[in-house]
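Peer 1: A single structure is presented below for examination.
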Amino acid sequence: MKDLRMIVLFGVAMAALLLTLQSGVWLSFLMMTFYAVLLSQSWNVLGGFGGQLSFGHALFFGVGAYAQAIAQLQWGWNPWLAMPFAIAMGTAVAVALGAVTFRYGLKGSYFALVTLAFAEVFRILAVSLPFTGAGVGLMVPLRQSVGNLQFASPRGYAALLLVFVMAALLVTAWLRHSRFGAWLQAVRDNENAARAVGVNPLRVKLGAIALSGGFMAAAGMCYVQMFQYIDAGIAFGSTISVEALVGAIVGGLGTLWGPVLGAAVLYALGEFTRNLFGELPGLSMVIYGAVLILIVMFLPRGMTGAGASIRRVLGMERKAVAQGTAADETRTASREENARV
């Protein structure tokens, strides 16, 4: 219930911010922040709660993006009608990938490499096939209207993304408190033990990858509507996968608000360094990378686990001081005993 209240408050606060902001720059910033949050929250469902680390989540993003574009350009579908189709296609590909990999027990680095390989295969196919625009990509005609899912202001796209972010947060909260979420975390912690108590790991992991793939496809669909263009490099490239996993890891894996905080901070940091050092090519990325390394080094549990990390460090220091004090007392007592002898 507490999670639900926090999610509602977050939604109300973000909606109020959307309604009050008038600057196109800040509306665009908020839109792209929601986009980054959706990517990270999608990855967190499978990688954080399920423990299945993926390096190729761009696969589901790209499928959703291309399905949205192809449905409009080649089949003449309305974008609102193409939206659930794109999400369903991303979910279907995720389930198919999960059925192939999880059935044969792939996990850890093996699963990560397989997802990366499938994303690369789809990238090559998208470059080669004519209905995907081959190397040129696909461009959706600009016809601004709410009915055509093309808004005149970033406010509309930000509102759409906020809806998906809220849905992802609700699903994440459900995973924290539901029986399915308990099964998923049991499989993550010890798959053999979970199987011994009656949990079906294959079914649970397929459910997790379906949810993760669906939200990732939704992000791809939103990307196409925002920028009216998609190509193989954008859709299936490593940039999307890295952005999704880094935000979740920095914020805190397997948490409700970690991906939100991590994605928002990293996007803001990237924009700040890019604007501050734009005249010095490469310097912004150096600073961004250095800050990212520091966060990973000193906050191993993510930003939401900062308190626990600090308490652990302070606890180690207190333990070291206590051990040093005990050792000093022992040496003093030993010297006094030797002096009496």
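Every chain in the structure tokens takes a letter, A first, then B, and so on in the order presented; its residues are numbered from 1, and the ligands are numbered from 1 following the presented order.
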Write out as a PyMOL selection string the residues lying within 9 Å of region 193-208 of chain A, counting only C-alpha atoms and excluding same-chain residues fewer than 3 positions away.

Peer 2: chain A and resi 45-46+49-50+52+94-96+98-99+102-103+105+180-181+183-184+186-190+211-213

Peer 1: Would you compute the distance between CA of Gly305 (chain A) and CA of Gly258 (chain A)? Give it in Å to one decimal.

Peer 2: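 Distance reported for this atom pair: 8.5 Å.
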
Peer 1: Smallest atom-to-atom distance to Leu81 (chain A): which of A:Leu17, A:Gly147, A:Tyr223, A:Leu116, using only C-alpha atoms?

Peer 2: A:Gly147

Peer 1: Need to verify the contact set: region 134-146 of chain A, 7 Å, only C-alpha atoms, exclusion of same-chain residues closer than 3 positions in sequence. Can you return it as a list in words?

Peer 2: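 Contacts, with the query itself left out: Ala69, Leu73, Ala126, Val127, Ser128, Leu129, Pro130, Leu149, Gln150, Phe151, Ala152, Gln228, Tyr229, Ile230, Asp231 and Ala232 of chain A.
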
Peer 1: Work out how far CA of Thr239 (chain A) is from CA of Ala119 (chain A), in Å to one decimal.

Peer 2: 11.6 Å

Peer 1: Please provide the set of residues having any atom within 7 Å of Thr172 (chain A), restricted to only C-alpha atoms, with same-chain residues fewer than 3 positions apart removed, written as a PyMOL selection string.

Peer 2: chain A and resi 45+168-169+175-176+256

Peer 1: Would you please extract all alpha helix (DSSP H) residues from region 57-292 of chain A, as assigned by DSSP on the backbone, and give them as a PyMOL selection string?

Peer 2: chain A and resi 58-73+79-103+109-128+154-177+179-189+191-196+201-227+232-236+238-251+258-276+283-292

Peer 1: Which residue, A:Leu59, A:Met83, A:Met166, A:Val93, has the smallest gap to Arg123 (chain A) when you use only C-alpha atoms?

Peer 2: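 Among the listed residues, the smallest separation from Arg123 (chain A) belongs to A:Leu59.
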
Peer 1: Which distance in Å separates CA of Leu39 (chain A) and CA of Leu161 (chain A), to one decimal?

Peer 2: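 Atom-to-atom, CA of Leu39 (chain A) to CA of Leu161 (chain A), that is 10.7 Å.
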